[in-house]
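This is entry24.cif (mmCIF, C-alpha atoms).
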```cif
data_start
loop_
_atom_site.label_atom_id
_atom_site.label_comp_id
_atom_site.auth_asym_id
_atom_site.auth_seq_id
_atom_site.Cartn_x
_atom_site.Cartn_y
_atom_site.Cartn_z
CA MET A 1 88.81 -81.34 -106.39
CA SER A 2 87.69 -84.04 -108.85
CA ASN A 3 84.81 -84.24 -111.27
CA LEU A 4 81.26 -84.52 -109.98
CA TRP A 5 80.85 -88.26 -110.38
CA THR A 6 84.25 -89.61 -109.24
CA LYS A 7 84.22 -93.05 -107.63
CA THR A 8 87.20 -94.44 -105.74
CA ILE A 9 88.40 -97.83 -104.65
CA ASP A 10 90.74 -97.78 -101.65
CA ASP A 11 91.13 -94.02 -102.13
CA ALA A 12 92.29 -94.48 -105.72
CA PRO A 13 90.26 -93.42 -108.78
CA ALA A 14 88.13 -96.29 -110.06
CA THR A 15 88.18 -94.96 -113.63
CA ASP A 16 91.33 -95.00 -115.75
CA ASP A 17 92.71 -91.68 -116.97
CA TRP A 18 92.30 -92.66 -120.62
CA VAL A 19 88.58 -93.17 -120.07
CA LEU A 20 88.27 -89.59 -118.89
CA ARG A 21 90.20 -88.31 -121.89
CA PHE A 22 88.12 -90.43 -124.25
CA THR A 23 84.78 -89.42 -122.83
CA VAL A 24 85.55 -85.72 -122.42
CA GLY A 25 87.01 -85.20 -125.90
CA ASP A 26 86.84 -81.49 -126.77
CA ASP A 27 83.76 -80.90 -124.64
CA HIS A 28 85.71 -78.81 -122.15
CA LEU A 29 86.63 -76.35 -124.91
CA TRP A 30 83.02 -75.75 -125.89
CA ASP A 31 82.07 -75.39 -122.23
CA ARG A 32 84.39 -72.40 -121.95
CA ARG A 33 81.81 -70.62 -124.06
CA LEU A 34 78.95 -72.00 -122.00
CA LEU A 35 80.30 -71.17 -118.55
CA PRO A 36 78.71 -67.67 -118.31
CA TYR A 37 75.37 -69.18 -119.32
CA ASP A 38 75.84 -72.03 -116.86
CA VAL A 39 76.41 -69.42 -114.14
CA ARG A 40 73.25 -67.62 -115.20
CA ALA A 41 71.20 -70.81 -115.03
CA THR A 42 72.78 -71.68 -111.68
CA ARG A 43 71.67 -68.32 -110.28
CA ALA A 44 68.09 -69.08 -111.25
CA HIS A 45 68.31 -72.63 -109.89
CA ALA A 46 69.67 -71.32 -106.59
CA TRP A 47 66.77 -68.87 -106.44
CA GLY A 48 64.40 -71.81 -106.88
CA LEU A 49 66.16 -73.73 -104.08
CA GLN A 50 65.74 -70.71 -101.84
CA LYS A 51 62.01 -70.58 -102.60
CA ILE A 52 61.51 -74.18 -101.48
CA GLY A 53 63.70 -73.84 -98.39
CA ILE A 54 66.78 -75.79 -99.47
CA LEU A 55 68.88 -72.63 -99.27
CA THR A 56 68.39 -70.01 -96.57
CA ASP A 57 68.35 -66.35 -97.53
CA GLY A 58 71.90 -65.98 -96.25
CA GLU A 59 73.10 -69.06 -98.12
CA TYR A 60 71.47 -67.79 -101.29
CA ASP A 61 73.33 -64.50 -100.93
CA ASP A 62 76.58 -66.40 -100.42
CA VAL A 63 75.95 -68.42 -103.57
CA MET A 64 75.27 -65.25 -105.56
CA ASN A 65 78.54 -63.75 -104.34
CA GLY A 66 80.33 -66.98 -105.14
CA LEU A 67 78.96 -66.97 -108.67
CA ASP A 68 80.10 -63.35 -109.03
CA TYR A 69 83.58 -64.56 -108.16
CA VAL A 70 83.37 -67.39 -110.73
CA LEU A 71 82.47 -64.97 -113.52
CA ALA A 72 85.13 -62.45 -112.54
CA ALA A 73 87.85 -65.10 -112.24
CA PHE A 74 86.82 -66.60 -115.57
CA ALA A 75 86.92 -63.19 -117.26
CA ARG A 76 90.42 -62.54 -115.84
CA GLY A 77 91.65 -65.91 -117.04
CA ASP A 78 92.30 -67.12 -113.49
CA LEU A 79 89.65 -69.80 -113.91
CA THR A 80 89.21 -72.10 -116.90
CA ILE A 81 87.94 -75.54 -117.81
CA THR A 82 90.44 -78.35 -118.29
CA PRO A 83 89.91 -81.93 -119.46
CA ALA A 84 90.22 -83.00 -115.83
CA ASP A 85 87.28 -80.75 -114.97
CA GLU A 86 85.25 -82.17 -117.85
CA ASP A 87 82.75 -79.33 -118.02
CA SER A 88 81.63 -75.95 -116.74
CA HIS A 89 79.30 -77.58 -114.21
CA THR A 90 82.21 -79.15 -112.36
CA VAL A 91 84.20 -75.91 -112.30
CA ILE A 92 81.26 -73.93 -110.92
CA GLU A 93 80.31 -76.42 -108.22
CA ASN A 94 83.90 -77.12 -107.15
CA THR A 95 84.67 -73.41 -106.94
CA LEU A 96 81.57 -72.73 -104.86
CA THR A 97 82.42 -75.64 -102.57
CA ARG A 98 86.00 -74.46 -102.07
CA ARG A 99 84.76 -70.99 -101.15
CA LEU A 100 81.54 -71.84 -99.30
CA GLY A 101 81.99 -75.35 -97.98
CA ASP A 102 78.70 -77.19 -97.44
CA ILE A 103 76.71 -74.38 -99.01
CA GLY A 104 78.46 -75.07 -102.32
CA LYS A 105 77.61 -78.75 -101.96
CA LYS A 106 73.91 -77.89 -101.89
CA ILE A 107 73.77 -76.25 -105.29
CA HIS A 108 73.26 -79.43 -107.33
CA ALA A 109 70.18 -80.49 -105.40
CA GLY A 110 67.25 -80.92 -107.77
CA ARG A 111 69.19 -80.98 -111.02
CA SER A 112 71.43 -83.18 -113.12
CA ARG A 113 74.19 -82.34 -115.55
CA ASN A 114 71.64 -83.45 -118.17
CA ASP A 115 69.22 -80.58 -117.62
CA GLN A 116 71.99 -78.24 -116.50
CA VAL A 117 73.88 -78.41 -119.80
CA LEU A 118 70.71 -78.00 -121.83
CA ALA A 119 69.72 -74.91 -119.86
CA ALA A 120 73.12 -73.31 -120.49
CA LEU A 121 73.18 -74.41 -124.13
CA ARG A 122 69.71 -73.07 -124.89
CA LEU A 123 70.53 -69.72 -123.31
CA TYR A 124 73.71 -69.63 -125.38
CA LEU A 125 71.85 -70.58 -128.56
CA GLN A 126 69.40 -67.73 -128.16
CA ASP A 127 72.23 -65.20 -127.93
CA ALA A 128 74.19 -66.86 -130.73
CA LEU A 129 71.20 -66.96 -133.06
CA LEU A 130 70.49 -63.31 -132.31
CA ASP A 131 74.09 -62.47 -133.20
CA THR A 132 73.84 -64.56 -136.36
CA GLY A 133 70.59 -62.87 -137.36
CA GLN A 134 72.17 -59.46 -136.91
CA ARG A 135 75.04 -60.52 -139.17
CA VAL A 136 72.56 -61.67 -141.81
CA ALA A 137 70.85 -58.28 -141.55
CA ALA A 138 74.22 -56.56 -142.02
CA LEU A 139 74.84 -58.59 -145.18
CA CYS A 140 71.38 -57.61 -146.45
CA GLU A 141 72.24 -53.95 -145.91
CA ALA A 142 75.56 -54.42 -147.72
CA LEU A 143 73.68 -55.91 -150.68
CA CYS A 144 71.26 -52.96 -150.63
CA GLY A 145 74.36 -50.78 -150.78
CA VAL A 146 75.48 -52.61 -153.95
CA ALA A 147 72.10 -51.78 -155.50
CA ASP A 148 72.38 -48.16 -154.41
CA ARG A 149 75.88 -47.80 -155.90
CA HIS A 150 74.92 -49.30 -159.27
CA PRO A 151 71.65 -47.73 -160.44
CA ARG A 152 70.46 -48.82 -163.90
CA VAL A 153 73.58 -50.91 -164.58
CA LEU A 154 72.76 -53.81 -166.90
CA LEU A 155 74.02 -57.31 -166.13
CA PRO A 156 73.33 -60.47 -168.13
CA GLY A 157 70.92 -62.89 -166.51
CA TYR A 158 71.88 -66.54 -166.93
CA THR A 159 70.11 -69.87 -167.18
CA HIS A 160 72.15 -73.06 -167.62
CA LEU A 161 75.20 -70.76 -167.41
CA GLN A 162 74.17 -69.35 -170.79
CA ARG A 163 73.26 -65.70 -171.22
CA ALA A 164 69.48 -65.51 -171.19
CA MET A 165 67.88 -62.09 -170.62
CA PRO A 166 69.04 -58.66 -169.52
CA SER A 167 69.05 -58.07 -165.80
CA THR A 168 70.66 -55.47 -163.54
CA VAL A 169 73.29 -55.37 -160.85
CA ALA A 170 70.65 -54.11 -158.42
CA LEU A 171 68.37 -57.05 -159.21
CA TRP A 172 71.26 -59.46 -158.66
CA ALA A 173 72.06 -57.94 -155.27
CA LEU A 174 68.49 -57.61 -154.04
CA GLY A 175 67.57 -61.12 -155.08
CA TYR A 176 70.17 -62.44 -152.66
CA ALA A 177 69.11 -59.90 -150.03
CA GLU A 178 65.50 -61.07 -150.23
CA ALA A 179 66.57 -64.70 -149.98
CA LEU A 180 68.51 -63.81 -146.84
CA VAL A 181 65.43 -62.09 -145.39
CA ASP A 182 63.64 -65.41 -145.79
CA ASP A 183 66.58 -67.17 -144.14
CA LEU A 184 66.24 -64.74 -141.24
CA ASN A 185 62.77 -66.08 -140.58
CA GLY A 186 64.21 -69.57 -140.28
CA LEU A 187 66.72 -68.34 -137.70
CA ARG A 188 63.92 -66.65 -135.76
CA GLN A 189 61.88 -69.86 -135.72
CA ALA A 190 64.86 -71.90 -134.55
CA ARG A 191 65.51 -69.39 -131.77
CA GLU A 192 61.89 -69.60 -130.68
CA ARG A 193 62.02 -73.39 -130.67
CA VAL A 194 65.01 -73.65 -128.34
CA ASN A 195 63.55 -71.03 -125.97
CA VAL A 196 62.11 -73.60 -123.55
CA SER A 197 63.46 -74.52 -120.15
CA PRO A 198 64.61 -78.07 -119.37
CA LEU A 199 65.32 -77.32 -115.70
CA GLY A 200 63.47 -79.55 -113.28
CA SER A 201 63.66 -82.58 -115.55
CA ALA A 202 67.00 -83.51 -113.90
CA ALA A 203 68.33 -86.76 -115.38
CA GLY A 204 65.16 -87.08 -117.41
CA TYR A 205 62.63 -88.32 -114.89
CA GLY A 206 61.91 -85.36 -112.65
CA VAL A 207 62.95 -84.53 -109.08
CA PRO A 208 61.53 -86.55 -106.17
CA HIS A 209 60.65 -84.76 -102.89
CA LEU A 210 61.69 -81.30 -104.10
CA ASP A 211 58.90 -79.27 -105.66
CA VAL A 212 61.19 -77.16 -107.81
CA PRO A 213 59.33 -74.07 -109.14
CA ARG A 214 60.00 -74.85 -112.76
CA GLU A 215 57.80 -72.18 -114.34
CA ALA A 216 59.08 -69.42 -112.07
CA VAL A 217 62.71 -70.41 -112.71
CA ALA A 218 62.06 -70.53 -116.45
CA ASP A 219 60.48 -67.08 -116.34
CA ARG A 220 63.43 -65.76 -114.38
CA LEU A 221 65.75 -66.96 -117.14
CA GLY A 222 63.60 -65.49 -119.88
CA PHE A 223 62.42 -68.81 -121.31
CA ARG A 224 59.01 -68.62 -122.95
CA ASP A 225 57.91 -71.94 -121.46
CA VAL A 226 59.01 -75.20 -119.86
CA GLN A 227 58.99 -78.68 -121.29
CA THR A 228 56.25 -80.05 -119.08
CA HIS A 229 56.92 -83.77 -119.13
CA ALA A 230 60.40 -84.54 -117.87
CA THR A 231 60.94 -87.33 -120.39
CA ALA A 232 60.40 -84.93 -123.31
CA VAL A 233 63.59 -83.05 -122.48
CA GLN A 234 66.10 -85.71 -123.48
CA LEU A 235 63.93 -86.73 -126.44
CA SER A 236 64.28 -83.16 -127.76
CA ARG A 237 68.05 -83.27 -127.49
CA GLY A 238 69.46 -83.31 -130.97
CA LYS A 239 66.15 -82.25 -132.52
CA HIS A 240 66.54 -78.68 -131.29
CA GLU A 241 70.11 -78.66 -132.53
CA ILE A 242 68.97 -79.96 -135.91
CA ALA A 243 66.50 -77.08 -136.18
CA VAL A 244 69.26 -74.58 -135.45
CA VAL A 245 71.81 -76.04 -137.86
CA HIS A 246 69.20 -76.46 -140.58
CA ALA A 247 68.39 -72.75 -140.31
CA LEU A 248 72.10 -71.92 -140.42
CA THR A 249 72.57 -74.15 -143.45
CA GLN A 250 69.80 -72.33 -145.30
CA ALA A 251 71.51 -68.97 -144.74
CA VAL A 252 74.91 -70.30 -145.74
CA SER A 253 73.42 -71.93 -148.85
CA THR A 254 72.37 -68.44 -149.98
CA VAL A 255 75.88 -67.18 -149.32
CA ASN A 256 77.27 -70.20 -151.16
CA ARG A 257 75.50 -69.31 -154.39
CA MET A 258 76.29 -65.61 -154.10
CA ALA A 259 79.97 -66.40 -153.57
CA SER A 260 79.90 -68.66 -156.62
CA ASP A 261 78.52 -65.82 -158.72
CA LEU A 262 81.19 -63.42 -157.55
CA VAL A 263 84.05 -65.88 -158.06
CA LEU A 264 82.79 -66.40 -161.62
CA TYR A 265 82.17 -62.69 -162.27
CA ALA A 266 85.71 -61.86 -161.06
CA THR A 267 87.39 -64.06 -163.67
CA SER A 268 89.13 -62.39 -166.61
CA GLU A 269 86.66 -64.09 -168.93
CA PHE A 270 83.75 -62.26 -167.27
CA GLY A 271 85.35 -59.26 -165.61
CA PHE A 272 82.03 -58.03 -164.22
CA VAL A 273 83.33 -57.27 -160.72
CA ASP A 274 86.45 -55.82 -159.21
CA LEU A 275 87.01 -57.52 -155.86
CA PRO A 276 88.60 -55.49 -153.06
CA GLU A 277 92.36 -56.07 -152.90
CA ALA A 278 92.22 -56.22 -149.11
CA HIS A 279 89.95 -59.25 -149.27
CA CYS A 280 91.93 -61.24 -151.83
CA THR A 281 95.20 -63.14 -151.66
CA GLY A 282 98.16 -63.69 -153.96
CA SER A 283 100.07 -66.66 -155.26
CA SER A 284 103.36 -67.98 -153.93
CA ILE A 285 104.70 -68.33 -157.48
CA MET A 286 102.54 -66.17 -159.79
CA PRO A 287 103.01 -62.48 -158.96
CA GLN A 288 100.04 -61.31 -161.02
CA LYS A 289 97.41 -63.37 -159.20
CA LYS A 290 94.49 -61.88 -157.27
CA ASN A 291 92.70 -64.84 -155.76
CA PRO A 292 89.16 -64.73 -154.31
CA ASP A 293 90.08 -67.01 -151.39
CA VAL A 294 87.64 -65.38 -148.94
CA LEU A 295 84.73 -66.08 -151.26
CA GLU A 296 85.94 -69.58 -152.07
CA LEU A 297 86.26 -70.54 -148.40
CA SER A 298 82.89 -68.96 -147.68
CA ARG A 299 81.42 -71.05 -150.48
CA ALA A 300 83.05 -74.16 -149.02
CA ALA A 301 81.52 -73.55 -145.59
CA TYR A 302 78.21 -74.86 -146.88
CA ALA A 303 79.73 -78.35 -147.11
CA ASP A 304 80.93 -78.05 -143.51
CA LEU A 305 77.44 -77.20 -142.28
CA VAL A 306 75.81 -79.96 -144.29
CA GLY A 307 78.28 -82.35 -142.65
CA GLU A 308 77.38 -81.13 -139.16
CA LEU A 309 73.68 -81.34 -140.02
CA GLN A 310 74.12 -84.91 -141.20
CA ARG A 311 75.95 -85.69 -137.97
CA LEU A 312 73.04 -84.32 -135.95
CA LEU A 313 70.48 -86.21 -138.02
CA VAL A 314 72.29 -89.51 -137.53
CA GLN A 315 73.66 -89.20 -133.98
CA PRO A 316 70.38 -89.60 -132.03
CA ALA A 317 68.91 -92.15 -134.45
CA ASN A 318 68.00 -95.56 -132.98
CA LEU A 319 68.70 -94.45 -129.41
CA PRO A 320 66.15 -95.63 -126.86
CA GLY A 321 64.45 -92.99 -124.72
CA GLY A 322 66.35 -91.20 -121.98
CA TYR A 323 69.89 -89.84 -121.92
CA HIS A 324 72.84 -91.49 -123.67
CA ARG A 325 76.41 -90.21 -123.83
CA ASP A 326 76.14 -90.22 -127.62
CA LEU A 327 74.09 -87.04 -127.24
CA GLN A 328 77.12 -85.17 -125.90
CA ARG A 329 78.33 -84.94 -129.51
CA THR A 330 75.39 -82.75 -130.49
CA LYS A 331 76.80 -79.83 -128.50
CA GLY A 332 79.98 -79.45 -130.52
CA ALA A 333 78.10 -79.88 -133.80
CA VAL A 334 75.70 -77.01 -133.17
CA MET A 335 78.29 -74.70 -131.61
CA GLN A 336 80.80 -75.32 -134.41
CA SER A 337 78.08 -74.62 -136.97
CA LEU A 338 77.21 -71.32 -135.34
CA GLN A 339 80.84 -70.22 -135.24
CA ARG A 340 81.39 -71.14 -138.87
CA THR A 341 78.24 -69.35 -139.99
CA GLN A 342 79.08 -66.19 -138.08
CA ASP A 343 82.60 -66.11 -139.52
CA VAL A 344 81.32 -66.60 -143.07
CA LEU A 345 78.68 -63.89 -142.74
CA SER A 346 81.22 -61.38 -141.44
CA ALA A 347 83.73 -62.27 -144.16
CA VAL A 348 81.27 -62.01 -147.04
CA THR A 349 79.75 -58.79 -145.68
CA ALA A 350 83.21 -57.21 -145.71
CA VAL A 351 83.69 -58.20 -149.36
CA VAL A 352 80.23 -57.09 -150.47
CA SER A 353 80.52 -53.74 -148.68
CA ASP A 354 83.47 -52.81 -150.93
CA LEU A 355 82.24 -54.56 -154.06
CA ARG A 356 82.32 -52.67 -157.36
CA PHE A 357 80.80 -53.89 -160.63
CA VAL A 358 82.55 -52.88 -163.85
CA ARG A 359 79.77 -51.26 -165.85
CA GLU A 360 81.48 -51.42 -169.23
CA ARG A 361 82.16 -55.17 -169.00
CA ALA A 362 78.75 -56.05 -167.60
CA GLU A 363 76.81 -54.05 -170.18
CA SER A 364 78.95 -55.14 -173.11
CA ALA A 365 77.96 -58.73 -172.29
CA CYS A 366 74.29 -57.78 -172.76
CA THR A 367 74.13 -58.53 -176.49
CA ALA A 368 71.20 -58.10 -178.86
CA ASP A 369 70.10 -61.75 -178.67
CA LEU A 370 69.18 -61.25 -174.99
CA LEU A 371 66.22 -59.16 -176.22
CA ALA A 372 64.56 -62.11 -178.01
CA THR A 373 61.97 -62.57 -175.27
CA SER A 374 61.27 -58.85 -175.26
CA ARG A 375 60.76 -58.87 -179.03
CA ALA A 376 58.33 -61.77 -178.74
CA LEU A 377 56.25 -60.15 -176.02
CA GLU A 378 56.24 -56.86 -177.86
CA GLN A 379 54.45 -58.68 -180.69
CA VAL A 380 52.06 -60.23 -178.16
CA MET A 381 51.08 -56.69 -177.17
CA ASP A 382 50.10 -56.15 -180.84
CA GLY A 383 47.85 -59.23 -180.78
CA VAL A 384 50.19 -61.90 -182.14
CA PRO A 385 49.77 -65.30 -180.40
CA PHE A 386 52.76 -65.93 -178.18
CA ARG A 387 53.93 -69.12 -179.89
CA SER A 388 53.91 -67.40 -183.27
CA ALA A 389 55.77 -64.42 -181.83
CA TYR A 390 58.21 -66.82 -180.17
CA ARG A 391 59.11 -68.36 -183.53
CA ARG A 392 59.53 -64.99 -185.21
CA ALA A 393 61.77 -63.73 -182.39
CA ALA A 394 63.96 -66.81 -182.75
CA VAL A 395 65.15 -65.52 -186.11
CA ASP A 396 68.76 -64.38 -186.05
CA ALA A 397 68.98 -60.84 -184.66
CA THR A 398 71.92 -59.92 -186.87
CA GLY A 399 72.26 -56.18 -187.09
CA ALA A 400 69.98 -55.52 -184.11
CA ALA A 401 71.16 -52.83 -181.73
CA ALA A 402 72.67 -53.89 -178.44
CA PRO A 403 70.53 -53.29 -175.37
CA THR A 404 70.87 -50.01 -173.51
CA PRO A 405 69.55 -49.28 -170.01
CA ASP A 406 66.79 -47.04 -171.43
CA LYS A 407 65.78 -49.58 -174.05
CA VAL A 408 65.68 -52.48 -171.59
CA LEU A 409 64.44 -50.94 -168.38
CA GLY A 410 61.67 -48.96 -170.00
CA THR A 411 59.90 -52.21 -170.92
CA TYR A 412 59.42 -53.35 -167.31
CA SER A 413 56.85 -52.02 -164.85
CA THR A 414 56.33 -54.85 -162.36
CA PRO A 415 57.89 -54.25 -158.92
CA GLY A 416 61.00 -56.37 -158.48
CA SER A 417 61.79 -56.53 -162.19
CA PRO A 418 64.81 -54.88 -163.86
CA GLY A 419 64.72 -51.16 -163.23
CA ASN A 420 62.03 -51.59 -160.57
CA GLU A 421 64.21 -52.82 -157.72
CA GLN A 422 63.18 -51.93 -154.20
CA PRO A 423 66.07 -51.85 -151.72
CA ASP A 424 63.86 -49.94 -149.30
CA LEU A 425 61.54 -52.94 -149.14
CA ILE A 426 64.46 -55.10 -147.96
CA ARG A 427 65.40 -52.49 -145.39
CA GLN A 428 61.80 -52.34 -144.19
CA CYS A 429 61.70 -56.12 -143.72
CA ILE A 430 64.86 -55.92 -141.62
CA ALA A 431 63.49 -53.03 -139.57
CA GLU A 432 60.30 -55.00 -138.88
CA ALA A 433 62.24 -58.02 -137.61
CA GLU A 434 61.86 -56.93 -134.00
CA TRP A 435 63.58 -60.03 -132.65
CA LEU A 436 66.87 -58.67 -133.99
CA ASP A 437 66.67 -56.03 -131.27
CA GLY A 438 67.00 -58.80 -128.70
CA GLY A 439 63.30 -59.19 -127.97
#
```

Reformat the file's structure so that it appears as C-alpha cells.
Amino acid sequence: MSNLWTKTIDDAPATDDWVLRFTVGDDHLWDRRLLPYDVRATRAHAWGLQKIGILTDGEYDDVMNGLDYVLAAFARGDLTITPADEDSHTVIENTLTRRLGDIGKKIHAGRSRNDQVLAALRLYLQDALLDTGQRVAALCEALCGVADRHPRVLLPGYTHLQRAMPSTVALWALGYAEALVDDLNGLRQARERVNVSPLGSAAGYGVPHLDVPREAVADRLGFRDVQTHATAVQLSRGKHEIAVVHALTQAVSTVNRMASDLVLYATSEFGFVDLPEAHCTGSSIMPQKKNPDVLELSRAAYADLVGELQRLLVQPANLPGGYHRDLQRTKGAVMQSLQRTQDVLSAVTAVVSDLRFVRERAESACTADLLATSRALEQVMDGVPFRSAYRRAAVDATGAAAPTPDKVLGTYSTPGSPGNEQPDLIRQCIAEAEWLDGG
C-alpha cells in the first residue's frame, strides 16, 4: 500500500520518486522512535471515535487488537518504517487496513497527520525529558560522591585562569551539582510546557461534523490540558521544541564547563586529577598518551546543541500562520538534541563516578599568596578599614607558610563555603524533584 496522500494519473503515481525522497529526508528514521507513541495516541483517538459513534464497540476492539499486532511486529523487527512509507502514521493505518479492511480505513477520521505527529512527539518528549532528568540526577549524585571521597582536600580557585583563593575539591564538585539542580528545573518546565494535547485540531482548523471529545482523549493520554483554539496548535510548533532544546542546552552548558575543568586539571602541568583509564583513549603514534577524548567530545556537544537551537529559532521565522512543510525539520532537531544530551550525560557520569583528585598536587598548588584575601579580612575583624587592609595584604607574602586544610577551612563558617559543603542538600533537592519519579 502507498502513502496516505498518494494521487494517481491513469493509475500511475502523479508524484515523482525523487520528490518523495526529497520531502521525506530522514524523517522515517526518527519516526521509528515515535511509532510506539503514535500507536498510543491512535488508541486514544479510536476510543474517541467510539464515543461519538464512528466506530462500533466491536470495531473498536478490532482496532485495539490490530494496534497490539503493530506493536508486537515492530518490536520483533517484522515491521519498520521505510522512506516509501514516509512516517509511522502511514505504517499504522496501512497495517490496520490490511488486517481489518474498511475498519482500518476509518481510523483517520477526525485527525490529520499534523495533529497526529504532534501528539506522538509530545508523548515522546515527556518520556525523553524524564529520562534526561534522571540522567542529570545521576550526574549530581556522582558529583556528590566526588565530594564524599575527598573531604577537606584543598584545590586552588581560579579567576581569569590565575590562582585566586583556596577552595576545595568538594566545593568544585558541589558547585556543578547545584548548577545541574537548577538545570533540572528547566527540564521540568519544558516537560510541563509540551504536556498539552493537539488532538482535535486536525490540519489546524478543527474537525467539521465530528464532535471529537478532545478533553476526554487528552485525559486518557495523560495530557494536562488541550490547546483550545485549533489554530494555536501549529503556531506552537517549533516554540515547544525551542523550549525543550533550550533546557537541554542549559544542562549541557554546565557539563561543558565541568569537562573543560577536568581536561585542564588532567594535564601534566596541573596534575590535579587522575582520569579513569577505561574512559580515556591512546594515540596511534605516541604510546605514552592518555587522552581525555570522552570529556572533550562531551564538551563539544554544547556546540551541537547550540546549532540545533539556532535551527529551531530560525526555521519557523517569517512563516505565515498554519502548517508548512518547513516545520517537519523541527522534529529531527529536537530528537537529535535529546539523544546527544542523554549520551553526554551518561558518558560524563561514568567518568565522574570513577574520578580521583590527586591531593598532593592540588594542595601543593595552594600557595601562600592565595591567603591574601584572608589576611585582609582578618585585619578587618580587628577594626582596620577594608581598603587599608587590602593594601597591607598586597605586600609580598615571602616567607609566609603555605595554606593547610586546618588553616584555611577554619576561617569559613558560611554554608556552601570551603569546608562547609553540603552534599546532602543536593541529594535532598533531587529527592524532592517528584517529577523524576514519572509523575

- In Å and to one decimal, CA of Val245 in chain A is distant from CA of Leu338 in chain A by 7.6 Å

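For the structure shown here, the set of residues caught by the PyMOL selection byres ((chain A and resi 387-396) around 12) is Ala368, Asp369, Leu370, Leu371, Ala372, Thr373, Ser374, Arg375, Ala376, Leu377, Glu378, Gln379, Val380, Met381, Asp382, Gly383, Val384, Pro385, Phe386, Ala397, Thr398, Gly399 and Ala400 of chain A.
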
- Could you write out as a ChimeraX atom specification the residues that the PyMOL selection byres ((chain A and resi 62) around 12) matches in the shown file? /A:43,46-47,50,55-61,63-69,96-97,99-104,106-107

- Rank nothing, just name the residue among A:Pro151, A:Pro292, A:Gly48, A:Pro405 nearest to Val348 in chain A, using only C-alpha atoms. A:Pro292

- Message: So, with only C-alpha atoms as the atoms that count, which of A:Ala243, A:Met258, A:Leu171, A:Val153 lies closest to Ser337 in chain A?
- Response: A:Ala243

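Picked out by the PyMOL selection byres ((chain A and resi 120) around 7) when it runs on this file: Leu34, Tyr37, Asp38, Ala41, Gln116, Val117, Leu118, Ala119, Leu121, Arg122, Leu123 and Tyr124 of chain A.
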
- Of the residues A:Gln234, A:Gln126, A:Ser284, A:Asn318, which is the one nearest to Gln189 in chain A, using all atoms listed in the file? A:Gln126

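What separates CA of Gly186 in chain A from CA of Ala247 in chain A is a distance of 5.3 Å.
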
- Item | Distance in Å - CA of Pro320 in chain A versus CA of Leu210 in chain A | 27.3 Å

- Message: Considering only C-alpha atoms, can you say which of A:Leu313, A:Glu241, A:Asp225, A:Gln422 comes closest to Gly332 in chain A?
- Response: A:Glu241

Centre, x/y/z edge lengths, axis-aligned box for range 110-124 of chain A with 4 Å per side, as AutoDock Vina command-line options:
```
--center_x 70.7 --center_y -76.5 --center_z -116.6 --size_x 14.9 --size_y 21.8 --size_z 25.6
```

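Take the candidates A:His89, A:Arg361, A:Lys289, A:Arg356 and check each one against Arg32 in chain A using only C-alpha atoms; the shortest distance goes to A:His89.
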
- Query: Can you tell me, as a count of residues only, what residues are no more than 8 Å from range 428-435 of chain A when counting only C-alpha atoms, ignoring any on the same chain fewer than 6 positions away?
  - Reply: 4

- Proximity to Asn185 in chain A - best of A:Val136, A:Val252, A:Leu199, A:Leu143, all atoms listed in the file: A:Val136

- Task: Write out as a PyMOL selection string each polymer residue whose atoms come within 12 Å of His279 in chain A, counting only C-alpha atoms; drop sequence neighbours fewer than 6 positions from it.
- Result: chain A and resi 290-297+346-355

- Query: Hey, what's within 12 Å of Leu161 in chain A if we count all atoms listed in the file and toss same-chain stuff fewer than 2 positions away? As a PyMOL selection string, please?
  - Reply: chain A and resi 156-159+163-165+260-261+264-265

How would range 88-95 of chain A read, as a PDB file, in the frame of the given file, once N, CA, C and O atoms are built in?
```pdb
ATOM      1  N   SER A  88      81.827 -77.168-117.525  1.00  0.00           N
ATOM      2  CA  SER A  88      81.630 -75.950-116.740  1.00  0.00           C
ATOM      3  C   SER A  88      80.911 -76.236-115.434  1.00  0.00           C
ATOM      4  O   SER A  88      81.113 -75.554-114.421  1.00  0.00           O
ATOM      5  N   HIS A  89      80.058 -77.257-115.428  1.00  0.00           N
ATOM      6  CA  HIS A  89      79.300 -77.580-114.210  1.00  0.00           C
ATOM      7  C   HIS A  89      80.238 -77.930-113.059  1.00  0.00           C
ATOM      8  O   HIS A  89      80.055 -77.484-111.923  1.00  0.00           O
ATOM      9  N   THR A  90      81.246 -78.737-113.384  1.00  0.00           N
ATOM     10  CA  THR A  90      82.210 -79.150-112.360  1.00  0.00           C
ATOM     11  C   THR A  90      82.976 -77.953-111.820  1.00  0.00           C
ATOM     12  O   THR A  90      83.168 -77.813-110.610  1.00  0.00           O
ATOM     13  N   VAL A  91      83.427 -77.079-112.719  1.00  0.00           N
ATOM     14  CA  VAL A  91      84.200 -75.910-112.300  1.00  0.00           C
ATOM     15  C   VAL A  91      83.364 -75.027-111.375  1.00  0.00           C
ATOM     16  O   VAL A  91      83.845 -74.556-110.335  1.00  0.00           O
ATOM     17  N   ILE A  92      82.115 -74.803-111.739  1.00  0.00           N
ATOM     18  CA  ILE A  92      81.260 -73.930-110.920  1.00  0.00           C
ATOM     19  C   ILE A  92      81.021 -74.541-109.545  1.00  0.00           C
ATOM     20  O   ILE A  92      81.212 -73.881-108.512  1.00  0.00           O
ATOM     21  N   GLU A  93      80.621 -75.803-109.507  1.00  0.00           N
ATOM     22  CA  GLU A  93      80.310 -76.420-108.220  1.00  0.00           C
ATOM     23  C   GLU A  93      81.560 -76.556-107.350  1.00  0.00           C
ATOM     24  O   GLU A  93      81.518 -76.281-106.132  1.00  0.00           O
ATOM     25  N   ASN A  94      82.679 -76.973-107.940  1.00  0.00           N
ATOM     26  CA  ASN A  94      83.900 -77.120-107.150  1.00  0.00           C
ATOM     27  C   ASN A  94      84.374 -75.779-106.603  1.00  0.00           C
ATOM     28  O   ASN A  94      84.852 -75.684-105.465  1.00  0.00           O
ATOM     29  N   THR A  95      84.259 -74.730-107.412  1.00  0.00           N
ATOM     30  CA  THR A  95      84.670 -73.410-106.940  1.00  0.00           C
ATOM     31  C   THR A  95      83.782 -72.928-105.798  1.00  0.00           C
ATOM     32  O   THR A  95      84.280 -72.389-104.795  1.00  0.00           O
TER      33      THR A  95
END
```
